[in-house]
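Participant: If it helps, the file is called data-v1.csv and holds CSV, C-alpha atoms and all ligand atoms:
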chain,number,residue,atom,x,y,z
A,22,MET,CA,60.8,-44.9,-38.7
A,23,SER,CA,60.1,-44.8,-34.9
A,24,ALA,CA,62.9,-44.9,-32.4
A,25,PRO,CA,63.6,-48.2,-30.6
A,26,ALA,CA,61.9,-48.6,-27.2
A,27,ILE,CA,65.2,-48.5,-25.3
A,28,GLU,CA,68.8,-47.7,-26.3
A,29,ALA,CA,71.8,-47.2,-24.1
A,30,SER,CA,75.4,-46.5,-25.0
A,31,GLY,CA,78.4,-46.5,-22.7
A,32,LEU,CA,76.1,-46.2,-19.7
A,33,GLN,CA,77.9,-46.1,-16.4
A,34,LYS,CA,77.1,-45.5,-12.7
A,35,LYS,CA,79.5,-45.2,-9.9
A,36,TYR,CA,78.4,-44.9,-6.3
A,37,GLU,CA,81.3,-43.3,-4.5
A,38,ASP,CA,84.0,-45.8,-5.5
A,39,VAL,CA,81.6,-48.7,-6.3
A,40,PRO,CA,81.3,-49.1,-10.1
A,41,ALA,CA,77.7,-50.5,-10.3
A,42,VAL,CA,77.3,-50.3,-14.1
A,43,ARG,CA,80.4,-50.2,-16.3
A,44,GLY,CA,79.7,-49.1,-19.8
A,45,LEU,CA,76.5,-50.8,-20.9
A,46,ASP,CA,75.3,-50.9,-24.5
A,47,LEU,CA,71.7,-52.0,-25.1
A,48,ARG,CA,69.0,-51.8,-27.7
A,49,VAL,CA,65.5,-53.1,-27.2
A,50,GLU,CA,63.0,-52.9,-30.1
A,51,ARG,CA,59.3,-52.0,-29.6
A,52,GLY,CA,57.1,-54.9,-28.7
A,53,GLU,CA,60.0,-57.0,-27.4
A,54,MET,CA,60.3,-58.8,-24.1
A,55,PHE,CA,63.9,-58.3,-23.1
A,56,GLY,CA,65.5,-60.1,-20.2
A,57,LEU,CA,68.3,-58.8,-18.1
A,58,VAL,CA,69.7,-61.8,-16.3
A,59,GLY,CA,72.3,-61.7,-13.5
A,60,ALA,CA,73.2,-62.6,-10.0
A,61,ASP,CA,72.6,-60.2,-7.1
A,62,GLY,CA,74.8,-57.2,-7.3
A,63,ALA,CA,75.4,-57.5,-11.1
A,64,GLY,CA,73.9,-54.0,-11.6
A,65,LYS,CA,70.5,-54.8,-12.9
A,66,THR,CA,68.6,-52.5,-10.5
A,67,THR,CA,70.9,-49.6,-11.1
A,68,THR,CA,70.5,-50.1,-14.9
A,69,ILE,CA,66.8,-50.2,-14.7
A,70,ARG,CA,66.7,-47.1,-12.4
A,71,MET,CA,68.8,-45.2,-14.9
A,72,LEU,CA,66.5,-46.1,-17.7
A,73,CYS,CA,63.5,-45.1,-15.6
A,74,THR,CA,65.2,-41.7,-15.1
A,75,LEU,CA,65.4,-42.2,-11.3
A,76,VAL,CA,69.2,-42.4,-11.1
A,77,LEU,CA,71.5,-40.1,-13.0
A,78,PRO,CA,74.2,-41.9,-15.0
A,79,SER,CA,77.9,-41.0,-14.2
A,80,ALA,CA,78.7,-41.3,-17.9
A,81,GLY,CA,77.2,-42.5,-21.2
A,82,GLU,CA,73.6,-41.9,-22.3
A,83,ALA,CA,70.3,-43.7,-22.7
A,84,ARG,CA,67.1,-43.0,-24.6
A,85,VAL,CA,63.6,-44.4,-24.0
A,86,LEU,CA,61.2,-44.1,-26.9
A,87,GLY,CA,63.7,-41.8,-28.4
A,88,LEU,CA,63.7,-39.4,-25.4
A,89,ASP,CA,66.9,-38.7,-23.5
A,90,THR,CA,66.8,-40.0,-19.9
A,91,VAL,CA,68.5,-37.0,-18.4
A,92,ARG,CA,67.1,-34.0,-20.4
A,93,GLN,CA,63.6,-35.4,-21.1
A,94,ALA,CA,63.0,-37.3,-17.9
A,95,ALA,CA,59.5,-35.9,-17.3
A,96,SER,CA,58.2,-37.0,-20.7
A,97,ILE,CA,59.6,-40.5,-20.2
A,98,LYS,CA,57.9,-40.9,-16.9
A,99,GLU,CA,54.5,-40.3,-18.5
A,100,LYS,CA,55.1,-43.1,-21.0
A,101,ILE,CA,56.6,-45.9,-18.8
A,102,GLY,CA,55.6,-48.1,-16.0
A,103,TYR,CA,58.1,-49.4,-13.3
A,104,VAL,CA,57.8,-52.1,-10.7
A,105,SER,CA,60.7,-52.0,-8.3
A,106,GLU,CA,62.0,-55.0,-6.4
A,107,ARG,CA,60.4,-53.7,-3.2
A,108,PHE,CA,57.4,-52.0,-4.8
A,109,ASN,CA,55.1,-49.9,-2.7
A,110,LEU,CA,51.5,-51.0,-2.4
A,111,TYR,CA,49.4,-49.5,0.4
A,112,PRO,CA,49.0,-52.5,2.8
A,113,THR,CA,45.8,-51.2,4.4
A,114,LEU,CA,44.1,-50.3,1.1
A,115,THR,CA,42.2,-53.0,-0.8
A,116,VAL,CA,43.2,-54.2,-4.2
A,117,ALA,CA,40.6,-51.9,-5.9
A,118,GLU,CA,41.6,-49.0,-3.7
A,119,ASN,CA,45.3,-49.4,-4.6
A,120,LEU,CA,44.5,-49.4,-8.3
A,121,SER,CA,42.3,-46.3,-8.0
A,122,PHE,CA,45.0,-44.5,-6.0
A,123,PHE,CA,47.5,-45.1,-8.7
A,124,ALA,CA,45.0,-44.0,-11.4
A,125,ARG,CA,44.5,-40.7,-9.5
A,126,LEU,CA,48.3,-40.3,-9.2
A,127,ARG,CA,48.4,-40.5,-12.9
A,128,ASP,CA,45.5,-38.0,-13.4
A,129,ILE,CA,43.3,-40.5,-15.2
A,130,PRO,CA,39.7,-39.2,-15.3
A,131,PRO,CA,37.3,-41.4,-13.2
A,132,GLU,CA,35.2,-42.4,-16.2
A,133,VAL,CA,38.3,-43.8,-17.9
A,134,SER,CA,39.9,-45.3,-14.9
A,135,GLU,CA,36.8,-47.3,-13.8
A,136,GLU,CA,36.7,-49.2,-17.1
A,137,ARG,CA,40.5,-49.7,-17.2
A,138,MET,CA,40.6,-50.9,-13.6
A,139,LYS,CA,38.0,-53.5,-14.3
A,140,GLU,CA,40.0,-54.7,-17.3
A,141,LEU,CA,43.3,-54.9,-15.3
A,142,LEU,CA,41.7,-56.8,-12.5
A,143,HIS,CA,40.3,-59.3,-15.0
A,144,PHE,CA,43.6,-59.5,-16.9
A,145,CYS,CA,45.7,-60.0,-13.8
A,146,ARG,CA,43.1,-62.5,-12.3
A,147,LEU,CA,42.5,-60.4,-9.3
A,148,GLU,CA,38.7,-59.9,-9.6
A,149,PRO,CA,37.9,-62.3,-6.7
A,150,PHE,CA,40.2,-60.3,-4.4
A,151,ARG,CA,39.2,-56.8,-5.3
A,152,ASP,CA,38.1,-56.0,-1.7
A,153,ARG,CA,40.9,-57.7,0.1
A,154,HIS,CA,43.6,-55.6,1.8
A,155,ALA,CA,46.9,-55.7,0.0
A,156,GLU,CA,48.6,-56.8,3.1
A,157,HIS,CA,46.5,-60.0,3.1
A,158,LEU,CA,47.4,-61.0,-0.4
A,159,SER,CA,49.9,-63.8,-1.1
A,160,GLY,CA,53.3,-62.7,-2.4
A,161,GLY,CA,52.4,-63.7,-6.0
A,162,MET,CA,49.2,-61.7,-5.9
A,163,GLN,CA,51.0,-58.7,-4.5
A,164,LYS,CA,53.3,-58.9,-7.5
A,165,LYS,CA,50.3,-59.0,-9.9
A,166,LEU,CA,48.7,-56.1,-8.1
A,167,ALA,CA,51.9,-54.1,-8.4
A,168,LEU,CA,52.0,-54.9,-12.1
A,169,ALA,CA,48.4,-53.8,-12.5
A,170,CYS,CA,49.1,-50.5,-10.7
A,171,SER,CA,52.1,-49.9,-13.0
A,172,LEU,CA,49.9,-50.4,-16.1
A,173,VAL,CA,47.0,-48.2,-15.1
A,174,HIS,CA,48.1,-45.3,-17.4
A,175,GLU,CA,48.7,-47.6,-20.3
A,176,PRO,CA,52.5,-47.2,-20.6
A,177,GLU,CA,54.3,-48.0,-23.8
A,178,VAL,CA,57.3,-49.5,-22.0
A,179,VAL,CA,57.3,-51.4,-18.6
A,180,PHE,CA,60.3,-52.1,-16.5
A,181,LEU,CA,60.0,-55.0,-14.1
A,182,ASP,CA,62.8,-55.5,-11.5
A,183,GLU,CA,62.9,-59.1,-10.4
A,184,PRO,CA,59.1,-59.5,-10.6
A,185,THR,CA,59.2,-63.3,-9.8
A,186,THR,CA,61.8,-63.4,-7.0
A,187,GLY,CA,60.3,-65.2,-4.0
A,188,VAL,CA,57.2,-66.3,-5.9
A,189,ASP,CA,56.3,-69.9,-6.1
A,190,PRO,CA,56.6,-71.7,-9.5
A,191,VAL,CA,52.9,-71.9,-10.2
A,192,SER,CA,52.4,-68.1,-9.6
A,193,ARG,CA,55.5,-67.4,-11.6
A,194,ARG,CA,54.0,-69.2,-14.6
A,195,ASP,CA,50.8,-67.3,-14.1
A,196,PHE,CA,52.7,-64.0,-14.0
A,197,TRP,CA,54.5,-64.7,-17.2
A,198,SER,CA,51.3,-65.6,-19.0
A,199,ILE,CA,49.8,-62.3,-17.9
A,200,ILE,CA,52.8,-60.5,-19.3
A,201,ALA,CA,52.5,-62.4,-22.6
A,202,GLY,CA,49.0,-61.0,-22.8
A,203,PHE,CA,50.2,-57.4,-22.6
A,204,LEU,CA,53.0,-58.1,-25.1
A,205,ALA,CA,50.3,-59.2,-27.6
A,206,ARG,CA,49.0,-55.6,-27.3
A,207,GLY,CA,52.3,-54.2,-28.4
A,208,ILE,CA,53.8,-53.1,-25.1
A,209,THR,CA,57.6,-53.4,-24.6
A,210,VAL,CA,58.8,-55.1,-21.4
A,211,LEU,CA,62.3,-55.0,-19.9
A,212,VAL,CA,62.5,-57.5,-17.1
A,213,SER,CA,65.4,-58.4,-14.7
A,214,THR,CA,65.7,-61.8,-13.1
A,215,PRO,CA,68.3,-63.8,-11.3
A,216,TYR,CA,66.8,-67.1,-12.6
A,217,LEU,CA,68.5,-68.4,-15.6
A,218,ASP,CA,65.7,-70.9,-16.3
A,219,GLU,CA,63.4,-67.9,-17.0
A,220,ALA,CA,65.6,-66.7,-19.9
A,221,GLU,CA,63.7,-68.9,-22.4
A,222,ARG,CA,60.6,-66.8,-21.8
A,223,PHE,CA,62.2,-63.7,-23.3
A,224,HIS,CA,62.7,-62.7,-26.9
A,225,ARG,CA,66.2,-61.7,-26.2
A,226,VAL,CA,68.4,-61.9,-23.1
A,227,ALA,CA,71.5,-60.0,-21.9
A,228,PHE,CA,73.6,-61.6,-19.2
A,229,MET,CA,75.0,-59.1,-16.7
A,230,HIS,CA,78.0,-59.6,-14.5
A,231,GLN,CA,79.8,-57.0,-12.4
A,232,GLY,CA,78.1,-54.1,-14.1
A,233,GLN,CA,78.7,-55.2,-17.7
A,234,ILE,CA,76.8,-57.2,-20.3
A,235,ILE,CA,79.0,-60.3,-20.9
A,236,ALA,CA,76.7,-62.1,-23.4
B,301,LIG,P1,70.2,-57.0,-6.6
B,301,LIG,O1,69.3,-58.0,-7.3
B,301,LIG,O2,70.9,-57.6,-5.4
B,301,LIG,O3,69.5,-55.7,-6.4
B,301,LIG,P2,71.4,-55.9,-8.9
B,301,LIG,O4,72.0,-56.8,-10.0
B,301,LIG,O5,70.1,-55.3,-9.1
B,301,LIG,O6,71.4,-56.8,-7.6
B,301,LIG,P3,72.4,-53.3,-8.1
B,301,LIG,O7,71.4,-53.2,-7.0
B,301,LIG,O8,72.3,-52.5,-9.3
B,301,LIG,O9,72.5,-54.8,-8.6
B,301,LIG,O10,73.8,-53.1,-7.5
B,301,LIG,C1,75.1,-53.1,-8.2
B,301,LIG,C2,76.2,-52.7,-7.2
B,301,LIG,O11,76.1,-51.3,-6.8
B,301,LIG,C3,76.3,-53.5,-5.9
B,301,LIG,O12,77.6,-53.7,-5.6
B,301,LIG,C4,75.6,-52.6,-4.9
B,301,LIG,O13,76.1,-52.8,-3.6
B,301,LIG,C5,76.0,-51.2,-5.4
B,301,LIG,N1,75.0,-50.2,-5.1
B,301,LIG,C6,73.7,-50.2,-5.5
B,301,LIG,N2,73.1,-49.1,-5.1
B,301,LIG,C7,74.0,-48.4,-4.3
B,301,LIG,C8,73.9,-47.1,-3.6
B,301,LIG,N3,72.8,-46.4,-3.5
B,301,LIG,N4,75.1,-46.7,-2.9
B,301,LIG,C9,76.2,-47.5,-3.0
B,301,LIG,N5,76.3,-48.6,-3.7
B,301,LIG,C10,75.2,-49.1,-4.3
Show how you would write the structure in this file as structure tokens.
Ligand code: ATP
Facilitator:
Amino acid sequence: MSAPAIEASGLQKKYEDVPAVRGLDLRVERGEMFGLVGADGAGKTTTIRMLCTLVLPSAGEARVLGLDTVRQAASIKEKIGYVSERFNLYPTLTVAENLSFFARLRDIPPEVSEERMKELLHFCRLEPFRDRHAEHLSGGMQKKLALACSLVHEPEVVFLDEPTTGVDPVSRRDFWSIIAGFLARGITVLVSTPYLDEAERFHRVAFMHQGQIIA
């Protein structure tokens, strides 16, 4: 039997004397869309960054695809995608150039990346904008491009930190329907949001408050 996509037990993070995450237990099955819902400062970003191996936990442990986030961080990074709250697109590169830059970062051979980029542009409805500079895209389109860039290496698990914050309702709906398309292909998605009304889009939801899951 394969390991769950994500599991955490007693996960904690303290910044100096600020307890950002206080003993978090979590289990996300493969193919699930799991929502982490909480107000600003609840500890969502810190949790996601620990699971993505970017922040070391102060205590507890976590596994992604059965791999330990501290001891096997490099292997995890190859298998996951991550879109941070303030993701980094290159403003003066076009949509297509941003995608090809991320494909090269991930060492994807050009003959493979060409085909995959075409597919991602189509899937994320960005084809008409492929030659537009990222800085001239709307907020919603920038989020979609960041999503496409995080999927270019075909990750098994994607972490999306507040992907719809600041996006208008129509673009939000569009964004979720794109995610649903990727779920249909068996990817696992962990997504954080401050919007309670988005919770119904997820298979399961955890509510975070002051560094803990309260429901
Ligand atoms: P937001 O949506 O505002 O990012 P969040 O739920 O993602 O909120 P975190 O960013 O994880 O929450 O922050 C949890 C707590 O940890 C907050 O009190 C925050 O101020 C604190 N914190 C986060 N990062 C650091 C850091 N690098 N140094 C010190 N304190 C931090």
Participant: Which protein, DNA or RNA residues have an atom within 6 Å of ligand LIG 301 (chain B), counting all atoms listed in the file, as a list in words?
Facilitator: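 Based on all atoms listed in the file, ligand LIG 301 (chain B) is surrounded within 6 Å by Tyr36, Val39, Ala41, Ala60, Asp61, Gly62, Ala63, Gly64, Lys65, Thr66 and Thr67 of chain A.
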Participant: May I have the selected residues written with C-alpha atoms, as a PDB file, keeping the file's coordinate frame?
Facilitator:
ATOM      1  CA  TYR A  36      78.400 -44.900  -6.300  1.00  0.00           C
ATOM      2  CA  VAL A  39      81.600 -48.700  -6.300  1.00  0.00           C
ATOM      3  CA  ALA A  41      77.700 -50.500 -10.300  1.00  0.00           C
ATOM      4  CA  ALA A  60      73.200 -62.600 -10.000  1.00  0.00           C
ATOM      5  CA  ASP A  61      72.600 -60.200  -7.100  1.00  0.00           C
ATOM      6  CA  GLY A  62      74.800 -57.200  -7.300  1.00  0.00           C
ATOM      7  CA  ALA A  63      75.400 -57.500 -11.100  1.00  0.00           C
ATOM      8  CA  GLY A  64      73.900 -54.000 -11.600  1.00  0.00           C
ATOM      9  CA  LYS A  65      70.500 -54.800 -12.900  1.00  0.00           C
ATOM     10  CA  THR A  66      68.600 -52.500 -10.500  1.00  0.00           C
ATOM     11  CA  THR A  67      70.900 -49.600 -11.100  1.00  0.00           C
TER      12      THR A  67
END
Participant: At what distance in Å, to one decimal, does CA of Ala205 in chain A lie from CA of Val179 in chain A?
Facilitator: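 So the answer is 13.8 Å.
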Participant: Ranking A:Cys170, A:Phe144, A:His154, A:Ile69 by minimum distance to Ser198 in chain A and counting all atoms listed in the file, which one comes first?
Facilitator: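 Among A:Cys170, A:Phe144, A:His154, A:Ile69, it is A:Phe144 that comes nearest to Ser198 in chain A.
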Participant: Looking at A:Arg84, A:Lys165, A:Arg107, A:Arg43, which one is nearest to His230 in chain A, with distances taken over all atoms listed in the file?
Facilitator: A:Arg43
Participant: At a cut-off of 7 Å from (66.3, -59.9, -22.5) in the coordinates of the file, what residues are picked up using only C-alpha atoms, written as a list in words?
Facilitator: Met54, Phe55, Gly56, Leu57, Leu211, Phe223, His224, Arg225, Val226 and Ala227 of chain A
Participant: How would the residues just picked look written out with C-alpha atoms as a PDB file, keeping the file's coordinate frame?
Facilitator:
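Okay, this is what ended up in part_32.pdb:
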ATOM      1  CA  MET A  54      60.300 -58.800 -24.100  1.00  0.00           C
ATOM      2  CA  PHE A  55      63.900 -58.300 -23.100  1.00  0.00           C
ATOM      3  CA  GLY A  56      65.500 -60.100 -20.200  1.00  0.00           C
ATOM      4  CA  LEU A  57      68.300 -58.800 -18.100  1.00  0.00           C
ATOM      5  CA  LEU A 211      62.300 -55.000 -19.900  1.00  0.00           C
ATOM      6  CA  PHE A 223      62.200 -63.700 -23.300  1.00  0.00           C
ATOM      7  CA  HIS A 224      62.700 -62.700 -26.900  1.00  0.00           C
ATOM      8  CA  ARG A 225      66.200 -61.700 -26.200  1.00  0.00           C
ATOM      9  CA  VAL A 226      68.400 -61.900 -23.100  1.00  0.00           C
ATOM     10  CA  ALA A 227      71.500 -60.000 -21.900  1.00  0.00           C
TER      11      ALA A 227
END
Participant: Do you know which residues are at most 9 Å from Val173 in chain A counting all atoms listed in the file, after dropping those on the same chain fewer than 3 positions away, and could you put them as a count of residues only?
Facilitator: 15
Participant: Rank nothing, just name the residue among A:Asp189, A:Asp195, A:Glu118, A:Asp128 nearest to Arg146 in chain A, using only C-alpha atoms.
Facilitator: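 Checking each candidate against Arg146 in chain A, we get A:Asp195 as the closest.
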Participant: Please export range 172-185 of chain A as a PDB file, in the first residue's frame, restricted to all heavy atoms.
Facilitator:
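Contents of decode.pdb, as written:
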ATOM      1  N   LEU A 172       3.542  23.487 -12.043  1.00  0.00           N
ATOM      2  CA  LEU A 172       3.116  22.157 -12.504  1.00  0.00           C
ATOM      3  C   LEU A 172       3.976  21.630 -13.645  1.00  0.00           C
ATOM      4  O   LEU A 172       3.759  20.527 -14.145  1.00  0.00           O
ATOM      5  CB  LEU A 172       1.659  22.222 -12.978  1.00  0.00           C
ATOM      6  CG  LEU A 172       0.606  22.476 -11.898  1.00  0.00           C
ATOM      7  CD1 LEU A 172      -0.738  22.796 -12.538  1.00  0.00           C
ATOM      8  CD2 LEU A 172       0.482  21.292 -10.960  1.00  0.00           C
ATOM      9  N   VAL A 173       4.973  22.417 -14.041  1.00  0.00           N
ATOM     10  CA  VAL A 173       5.703  22.124 -15.269  1.00  0.00           C
ATOM     11  C   VAL A 173       6.504  20.809 -15.174  1.00  0.00           C
ATOM     12  O   VAL A 173       6.756  20.151 -16.178  1.00  0.00           O
ATOM     13  CB  VAL A 173       6.555  23.361 -15.660  1.00  0.00           C
ATOM     14  CG1 VAL A 173       7.839  23.440 -14.883  1.00  0.00           C
ATOM     15  CG2 VAL A 173       6.777  23.432 -17.136  1.00  0.00           C
ATOM     16  N   HIS A 174       6.853  20.401 -13.964  1.00  0.00           N
ATOM     17  CA  HIS A 174       7.612  19.141 -13.788  1.00  0.00           C
ATOM     18  C   HIS A 174       6.687  17.985 -13.379  1.00  0.00           C
ATOM     19  O   HIS A 174       7.163  16.961 -12.894  1.00  0.00           O
ATOM     20  CB  HIS A 174       8.740  19.331 -12.772  1.00  0.00           C
ATOM     21  CG  HIS A 174       8.237  19.782 -11.421  1.00  0.00           C
ATOM     22  ND1 HIS A 174       7.560  20.965 -11.241  1.00  0.00           N
ATOM     23  CD2 HIS A 174       8.291  19.212 -10.199  1.00  0.00           C
ATOM     24  CE1 HIS A 174       7.232  21.086  -9.960  1.00  0.00           C
ATOM     25  NE2 HIS A 174       7.652  20.030  -9.317  1.00  0.00           N
ATOM     26  N   GLU A 175       5.394  18.173 -13.583  1.00  0.00           N
ATOM     27  CA  GLU A 175       4.396  17.158 -13.252  1.00  0.00           C
ATOM     28  C   GLU A 175       4.521  16.617 -11.829  1.00  0.00           C
ATOM     29  O   GLU A 175       4.735  15.417 -11.616  1.00  0.00           O
ATOM     30  CB  GLU A 175       4.438  16.005 -14.271  1.00  0.00           C
ATOM     31  CG  GLU A 175       4.158  16.503 -15.675  1.00  0.00           C
ATOM     32  CD  GLU A 175       3.782  15.395 -16.641  1.00  0.00           C
ATOM     33  OE1 GLU A 175       4.471  14.367 -16.634  1.00  0.00           O
ATOM     34  OE2 GLU A 175       2.803  15.585 -17.387  1.00  0.00           O
ATOM     35  N   PRO A 176       4.384  17.501 -10.834  1.00  0.00           N
ATOM     36  CA  PRO A 176       4.498  17.074  -9.441  1.00  0.00           C
ATOM     37  C   PRO A 176       3.340  16.169  -9.028  1.00  0.00           C
ATOM     38  O   PRO A 176       2.269  16.221  -9.639  1.00  0.00           O
ATOM     39  CB  PRO A 176       4.457  18.390  -8.660  1.00  0.00           C
ATOM     40  CG  PRO A 176       3.685  19.317  -9.538  1.00  0.00           C
ATOM     41  CD  PRO A 176       4.032  18.932 -10.947  1.00  0.00           C
ATOM     42  N   GLU A 177       3.588  15.368  -7.975  1.00  0.00           N
ATOM     43  CA  GLU A 177       2.518  14.487  -7.481  1.00  0.00           C
ATOM     44  C   GLU A 177       1.657  15.202  -6.447  1.00  0.00           C
ATOM     45  O   GLU A 177       0.502  14.855  -6.237  1.00  0.00           O
ATOM     46  CB  GLU A 177       3.137  13.231  -6.849  1.00  0.00           C
ATOM     47  CG  GLU A 177       3.790  12.339  -7.880  1.00  0.00           C
ATOM     48  CD  GLU A 177       4.526  11.176  -7.236  1.00  0.00           C
ATOM     49  OE1 GLU A 177       3.929  10.464  -6.409  1.00  0.00           O
ATOM     50  OE2 GLU A 177       5.710  10.990  -7.561  1.00  0.00           O
ATOM     51  N   VAL A 178       2.263  16.183  -5.761  1.00  0.00           N
ATOM     52  CA  VAL A 178       1.536  16.950  -4.749  1.00  0.00           C
ATOM     53  C   VAL A 178       1.816  18.432  -4.994  1.00  0.00           C
ATOM     54  O   VAL A 178       2.956  18.809  -5.259  1.00  0.00           O
ATOM     55  CB  VAL A 178       2.028  16.601  -3.317  1.00  0.00           C
ATOM     56  CG1 VAL A 178       1.197  17.330  -2.268  1.00  0.00           C
ATOM     57  CG2 VAL A 178       1.974  15.105  -3.061  1.00  0.00           C
ATOM     58  N   VAL A 179       0.752  19.256  -4.931  1.00  0.00           N
ATOM     59  CA  VAL A 179       0.954  20.707  -5.076  1.00  0.00           C
ATOM     60  C   VAL A 179       0.435  21.419  -3.833  1.00  0.00           C
ATOM     61  O   VAL A 179      -0.634  21.095  -3.329  1.00  0.00           O
ATOM     62  CB  VAL A 179       0.177  21.327  -6.253  1.00  0.00           C
ATOM     63  CG1 VAL A 179       0.959  22.435  -6.898  1.00  0.00           C
ATOM     64  CG2 VAL A 179      -0.250  20.332  -7.257  1.00  0.00           C
ATOM     65  N   PHE A 180       1.217  22.379  -3.383  1.00  0.00           N
ATOM     66  CA  PHE A 180       0.849  23.201  -2.231  1.00  0.00           C
ATOM     67  C   PHE A 180       0.553  24.609  -2.725  1.00  0.00           C
ATOM     68  O   PHE A 180       1.413  25.237  -3.353  1.00  0.00           O
ATOM     69  CB  PHE A 180       2.016  23.260  -1.237  1.00  0.00           C
ATOM     70  CG  PHE A 180       2.346  21.934  -0.628  1.00  0.00           C
ATOM     71  CD1 PHE A 180       3.232  21.065  -1.255  1.00  0.00           C
ATOM     72  CD2 PHE A 180       1.775  21.547   0.577  1.00  0.00           C
ATOM     73  CE1 PHE A 180       3.540  19.834  -0.689  1.00  0.00           C
ATOM     74  CE2 PHE A 180       2.076  20.311   1.150  1.00  0.00           C
ATOM     75  CZ  PHE A 180       2.957  19.457   0.513  1.00  0.00           C
ATOM     76  N   LEU A 181      -0.662  25.085  -2.453  1.00  0.00           N
ATOM     77  CA  LEU A 181      -1.045  26.410  -2.923  1.00  0.00           C
ATOM     78  C   LEU A 181      -1.392  27.270  -1.709  1.00  0.00           C
ATOM     79  O   LEU A 181      -2.347  26.980  -0.989  1.00  0.00           O
ATOM     80  CB  LEU A 181      -2.265  26.312  -3.849  1.00  0.00           C
ATOM     81  CG  LEU A 181      -2.144  25.340  -5.030  1.00  0.00           C
ATOM     82  CD1 LEU A 181      -3.476  25.218  -5.754  1.00  0.00           C
ATOM     83  CD2 LEU A 181      -1.051  25.794  -5.990  1.00  0.00           C
ATOM     84  N   ASP A 182      -0.597  28.322  -1.497  1.00  0.00           N
ATOM     85  CA  ASP A 182      -0.823  29.164  -0.323  1.00  0.00           C
ATOM     86  C   ASP A 182      -1.656  30.376  -0.727  1.00  0.00           C
ATOM     87  O   ASP A 182      -1.185  31.252  -1.442  1.00  0.00           O
ATOM     88  CB  ASP A 182       0.526  29.599   0.266  1.00  0.00           C
ATOM     89  CG  ASP A 182       0.382  30.135   1.688  1.00  0.00           C
ATOM     90  OD1 ASP A 182      -0.747  30.128   2.215  1.00  0.00           O
ATOM     91  OD2 ASP A 182       1.401  30.561   2.266  1.00  0.00           O
ATOM     92  N   GLU A 183      -2.890  30.378  -0.287  1.00  0.00           N
ATOM     93  CA  GLU A 183      -3.843  31.462  -0.577  1.00  0.00           C
ATOM     94  C   GLU A 183      -3.855  31.845  -2.060  1.00  0.00           C
ATOM     95  O   GLU A 183      -3.643  33.009  -2.405  1.00  0.00           O
ATOM     96  CB  GLU A 183      -3.541  32.675   0.303  1.00  0.00           C
ATOM     97  CG  GLU A 183      -3.648  32.340   1.782  1.00  0.00           C
ATOM     98  CD  GLU A 183      -3.811  33.570   2.676  1.00  0.00           C
ATOM     99  OE1 GLU A 183      -4.099  34.657   2.152  1.00  0.00           O
ATOM    100  OE2 GLU A 183      -3.670  33.416   3.891  1.00  0.00           O
ATOM    101  N   PRO A 184      -4.149  30.881  -2.941  1.00  0.00           N
ATOM    102  CA  PRO A 184      -4.087  31.168  -4.379  1.00  0.00           C
ATOM    103  C   PRO A 184      -5.170  32.119  -4.869  1.00  0.00           C
ATOM    104  O   PRO A 184      -5.035  32.690  -5.947  1.00  0.00           O
ATOM    105  CB  PRO A 184      -4.262  29.791  -5.024  1.00  0.00           C
ATOM    106  CG  PRO A 184      -5.014  28.998  -4.014  1.00  0.00           C
ATOM    107  CD  PRO A 184      -4.546  29.486  -2.674  1.00  0.00           C
ATOM    108  N   THR A 185      -6.229  32.303  -4.089  1.00  0.00           N
ATOM    109  CA  THR A 185      -7.328  33.138  -4.601  1.00  0.00           C
ATOM    110  C   THR A 185      -7.485  34.445  -3.829  1.00  0.00           C
ATOM    111  O   THR A 185      -8.425  35.193  -4.062  1.00  0.00           O
ATOM    112  CB  THR A 185      -8.659  32.364  -4.558  1.00  0.00           C
ATOM    113  OG1 THR A 185      -8.864  31.889  -3.233  1.00  0.00           O
ATOM    114  CG2 THR A 185      -8.650  31.205  -5.520  1.00  0.00           C
TER     115      THR A 185
END
